[in-house]
Amino acid sequence: MSHAAMSSELFNKTIVELAELLAAKTITSVELTQAVIDRTQSVEERVKAFNSFDAAAALAQAAASDARRAAGQSLGALDGIPIGIKDVIAVTGQPLTASSKMLANFVSPYDATVTQKLKKAGAIIWGRLNLDEFAMGSSTENSAFHTTRNPYNLDCVPGGSSGGSAAALAAGEAIATLGSDTGGSIRQPAALCNVVGLKPTYGLVSRFGLIAFASSLDQIGPFNRTVEDAAITLQAIAGYDENDSTSVKVEIPDYRAALKTKKGPWRIGISKEYFGEGLDPEVAAAVEKAVSFYEKMGCVIKNVSLPHTEYGVGVYYIIATAECSSNLSRYDGIRYGHRSADAKDIVDLYYKSRAEGFGPEVKRRIILGTYVLSSGYYDAYYLRAQKVRTLIRQDFLNAYNEVDAIITPTTPTPAFKRGAKADPLAMYLCDVYTIGVNLAGLPGISVPCGFSSSGLPIGMQLIGQPFKEADLLAIANAYDSAHDWAKRTPNL
Amino acid sequence: MSVPEDLNIDRIANLARLALTDEEKVKFSAQLADVLTNIEKLKQVNVDGVEPTAHAFPIYNVWADDVAKPGLPVEDALRNAPEKRDNMIVVPKVVE
């Protein structure tokens with residue numbers, strides 16, 4: 001194969017493939033990074049996945065990676081691999097906007113822990129990826145800057161909130177990306193864009209340097225082209241961090257090695273609550289085919305009951321908005337962020353800076369969150385939601401007495417058209433299958449499992465036990481390594 | 001969908017220190033009423049004797065050693081301040 005022919009497709013390769021080419025010195029990180037930059041420049045006008053990118057900074061990191069490798073000091077599989085970062089995760093000296101006017105001019109004074117860890121693994125920190133403002137939404141239509149398109153159909157949404165992270169990877173504008181997931185914001189866009197998206201167990205990955213939305217639910221995780229790539233990326237970012245008091249001290253196993261050592265057969269649960277009304281028949285059929293695959297490989301398929309599933313969306317929109325109304329009180333126009341130019345006094349400055357800086361969905365959620373926490377309503381809404389949360393979590397823990405993982409559709413439907421869900425409640429209901437995982441703090445992964453008749457990607461979700469990502473990844477890899485949905489790249 | 005009588009949007013917006021336009025007040029009231037109606041079904045759940053979950057995994061009293069560590073240099077900490085002077089953030093007058 002000629003060098004030129006190969007490098008034209010470098011941007012669609014996996015971390016595993018590229019790490020081999022880099023190690024064999026068939027390619028350099030500068031060549032790879034340039035290929036990703038060129039690809040981005042050629043398709044970004046249509047995809048709109050990025051808020052900003054710094055090609056010079058990426059190439060400088062790539063040159064440093066090549067120098068390390070030449071000196072025999074490669075840092076491993078991620079050394080020299082360009083990874084895009086959702087624009088809620090801090091990278092020193094780069095913009096950090098949360099796709100909000102409030103932070104349009106904010107520049108990070110420090111690195112998030114995950115950014116530090118990726119740098120230590122030699123990854124090229126590449127680009128700031130679009131999202132729904134402050135990660136509130138399921139389509140990226142709530143971005144204050146622009147809506148990201150689904151690379152498989154530019155009239156459709158890529159999902160959200162991490163829509164830029166999913167679309168950039170699907171479009172070949174990055175080799176992997178990071179996102180954050182509060183109610184499905186990694187798994188849902190991954191399903192809609194034909195990539196793998198992993199939400200780790202609450203506490204496995206540090207949130208230091210992540211812009212907070214709902215602190216009892218938020219978790220950072222990777223988007224990848226294969227489950228094996230997800231194992232490599234998770235390895236780099238997982239682990240206890242003294243700067244995040246909610247990160248947990250657990251032993252981090254070798255996730256990639258686990259894909260080979262853990263071979264099943266597993267006990268896999270199906271819950272009827274995830275296959276009911278509102279589920280698109282093509283999505284149901286694709287997931288049922290994946291269930292048959294596991295059955296044929298010798299897994300035991302068991303029905304499990306998650307009876308409180310239907311209350312998940314309600315519990316989520318009380319807890320998440322309550323926490324967001326508290327977290328976003330820091331944006332007051334004083335120390336950083338947008339400051340109104342025509343305030344009469346300091347109190348007026350708070351009201352106007354927030355009114356001008358926040359978009360409609362963020363305002364709606366602050367209002368709802370403030371309401372459910374306000375005097376006289378706290379017990380009826382917030383406290384009751386926290387109790388139902390206990391029951392939802394208990395449902396999962398009961399199921400794990402009988403099964404190793406639970407398989408569900410990731411989303412009720414494939415990607416929908418831009419503008420199709422103008423009503424906030426309709427948009428909230430998109431998250432019905434992903435929310436329980438956040439409420440219970442569990443790990444969940446979306447894996448591509450087919451296409452609709454109109455050519456839109458379909459994803460299945462596997463839900464694992466707390467801190468057992470090694471098992472979850474092995475189960476997901478058994479399917480993923482035997483299928484090649486992710487190789488079906490979009491025509492752009 | 002009608003707005004519940006107790007959804008006083010002015011009171012809530014005031015608590016949230018958020019100036020809303022008249023148009024936003026009307027629109028948000030109706031949309032929030034829809035969401036609250038959907039949430040009503042939580043009242044069907046029997047939660048007698050159920051402990052509330054604040055975090056998925058209980059973590060209590062995470063202590064850090066009381067040791068000074070290097071922090072952000074002042075110029076970095078103030079880099080994003082809307083208005084600053086002499087290493088301080090400038091705000092409107094707060095006392096008459």
# chains A, B, ... in the order shown; residues from 1 in each chain; ligands from 1
>>> interface_residues(of="chain A", to="chain B", cutoff="7 Å", atoms="only C-alpha atoms", output="VMD selection string")
chain A and resid 106 to 107 109 216 245 311 314 334 to 337 339 345 to 346 350 to 352 354 to 355 364 367 to 368 370 to 371 383 386 to 390 425 439 to 441
>>> residues_around(residues="A:Lys120", least_positions_apart="5", cutoff="9 Å", atoms="only C-alpha atoms", output="PyMOL selection string")
chain A and resi 75+79+115+236
>>> select_by_dssp(residues="chain B", states="strand (DSSP E)", output="number ranges by chain")
B: 84-85, 88-89
>>> select_by_dssp(residues="chain B", states="alpha helix (DSSP H)", output="VMD selection string")
chain B and resid 9 to 15 22 to 39 74 to 77
>>> residues_around(residues="A:Arg39", least_positions_apart="2", cutoff="10 Å", atoms="only C-alpha atoms", output="CSV table (one decimal) with N, CA, C and O atoms, in the first residue's frame")
chain,number,residue,atom,x,y,z
A,8,SER,N,-4.7,8.9,3.5
A,8,SER,CA,-6.0,9.5,3.3
A,8,SER,C,-7.1,9.0,4.1
A,8,SER,O,-8.1,9.6,4.3
A,9,GLU,N,-6.9,7.8,4.7
A,9,GLU,CA,-7.9,7.2,5.6
A,9,GLU,C,-7.5,7.1,7.0
A,9,GLU,O,-8.2,6.5,7.8
A,10,LEU,N,-6.4,7.7,7.3
A,10,LEU,CA,-5.9,7.6,8.7
A,10,LEU,C,-7.0,8.1,9.7
A,10,LEU,O,-7.1,7.5,10.8
A,11,PHE,N,-7.7,9.1,9.3
A,11,PHE,CA,-8.7,9.7,10.3
A,11,PHE,C,-9.8,8.8,10.7
A,11,PHE,O,-10.6,9.0,11.6
A,12,ASN,N,-10.0,7.7,9.9
A,12,ASN,CA,-11.1,6.7,10.2
A,12,ASN,C,-10.6,5.5,11.0
A,12,ASN,O,-11.4,4.6,11.2
A,33,THR,N,-2.0,13.7,12.9
A,33,THR,CA,-2.7,14.9,13.4
A,33,THR,C,-3.0,15.8,12.2
A,33,THR,O,-4.1,16.4,12.1
A,34,GLN,N,-2.1,15.9,11.2
A,34,GLN,CA,-2.4,16.7,10.0
A,34,GLN,C,-3.6,16.1,9.2
A,34,GLN,O,-4.4,16.8,8.7
A,35,ALA,N,-3.6,14.8,9.2
A,35,ALA,CA,-4.7,14.1,8.5
A,35,ALA,C,-6.1,14.4,9.1
A,35,ALA,O,-7.1,14.7,8.5
A,36,VAL,N,-6.1,14.5,10.5
A,36,VAL,CA,-7.3,14.8,11.2
A,36,VAL,C,-7.6,16.3,11.0
A,36,VAL,O,-8.8,16.6,10.8
A,37,ILE,N,-6.6,17.1,11.0
A,37,ILE,CA,-6.9,18.6,10.8
A,37,ILE,C,-7.4,18.8,9.4
A,37,ILE,O,-8.4,19.5,9.2
A,41,GLN,N,-11.0,20.3,8.4
A,41,GLN,CA,-11.2,21.5,7.6
A,41,GLN,C,-12.1,21.2,6.4
A,41,GLN,O,-12.8,22.1,5.9
A,42,SER,N,-12.1,19.9,5.9
A,42,SER,CA,-12.9,19.7,4.8
A,42,SER,C,-14.4,19.3,5.1
A,42,SER,O,-15.3,19.6,4.3
A,43,VAL,N,-14.7,18.8,6.3
A,43,VAL,CA,-16.1,18.4,6.5
A,43,VAL,C,-16.8,19.3,7.6
A,43,VAL,O,-18.0,19.3,7.8
A,44,GLU,N,-16.0,20.1,8.3
A,44,GLU,CA,-16.6,20.8,9.5
A,44,GLU,C,-17.7,21.8,9.2
A,44,GLU,O,-18.6,22.0,9.9
A,171,ALA,N,-17.5,11.6,12.1
A,171,ALA,CA,-17.1,12.2,10.8
A,171,ALA,C,-15.6,12.2,10.5
A,171,ALA,O,-15.1,12.7,9.5
A,172,GLY,N,-14.8,11.5,11.4
A,172,GLY,CA,-13.4,11.4,11.2
A,172,GLY,C,-12.6,12.7,11.6
A,172,GLY,O,-11.5,12.9,11.1
A,173,GLU,N,-13.2,13.5,12.4
A,173,GLU,CA,-12.6,14.8,12.8
A,173,GLU,C,-11.8,14.6,14.1
A,173,GLU,O,-11.3,15.6,14.7
A,174,ALA,N,-11.7,13.4,14.6
A,174,ALA,CA,-10.9,13.0,15.8
A,174,ALA,C,-10.8,11.5,15.8
A,174,ALA,O,-11.5,10.8,15.1
>>> residues_around(residues="A:Gln465", least_positions_apart="5", cutoff="8 Å", atoms="only C-alpha atoms", output="ChimeraX atom specification")
/A:400,404-405,442-443,472
>>> write_last_selection(atoms="C-alpha atoms", output="PDB file, in the first residue's frame")
ATOM      1  CA  TYR A 400     -27.624  -7.985  39.725  1.00  0.00           C
ATOM      2  CA  ASP A 404     -24.014  -9.802  35.188  1.00  0.00           C
ATOM      3  CA  ALA A 405     -25.333  -7.066  32.917  1.00  0.00           C
ATOM      4  CA  LEU A 442     -23.869   2.500  37.386  1.00  0.00           C
ATOM      5  CA  PRO A 443     -21.598   2.094  34.359  1.00  0.00           C
ATOM      6  CA  LEU A 472     -18.926  -4.644  31.156  1.00  0.00           C
TER       7      LEU A 472
END
>>> residues_around(residues="A:Lys249", least_positions_apart="6", cutoff="9 Å", atoms="only C-alpha atoms", output="JSON, numbers by chain")
{"A": [203, 204, 239, 240, 241]}
>>> write_last_selection(atoms="C-alpha atoms", output="mmCIF file, in the first residue's frame")
data_model
loop_
_atom_site.group_PDB
_atom_site.id
_atom_site.type_symbol
_atom_site.label_atom_id
_atom_site.label_comp_id
_atom_site.auth_asym_id
_atom_site.auth_seq_id
_atom_site.Cartn_x
_atom_site.Cartn_y
_atom_site.Cartn_z
ATOM 1 C CA GLY A 203 -16.708 8.087 41.140
ATOM 2 C CA LEU A 204 -14.394 6.162 38.794
ATOM 3 C CA GLY A 239 -8.609 6.622 39.053
ATOM 4 C CA TYR A 240 -8.861 8.370 42.392
ATOM 5 C CA ASP A 241 -8.102 12.082 42.505
#
>>> atom_distance(atom1="atom CA of A:Lys25", atom2="atom CA of A:Ala58")
19.3 Å
>>> residues_around(residues="A:Met297", least_positions_apart="5", cutoff="9 Å", atoms="only C-alpha atoms", output="PyMOL selection string")
chain A and resi 264-265+292
>>> residues_around(residues="A:Glu273", least_positions_apart="2", cutoff="7 Å", atoms="only C-alpha atoms", output="ChimeraX atom specification")
/A:271,275-276,306,309
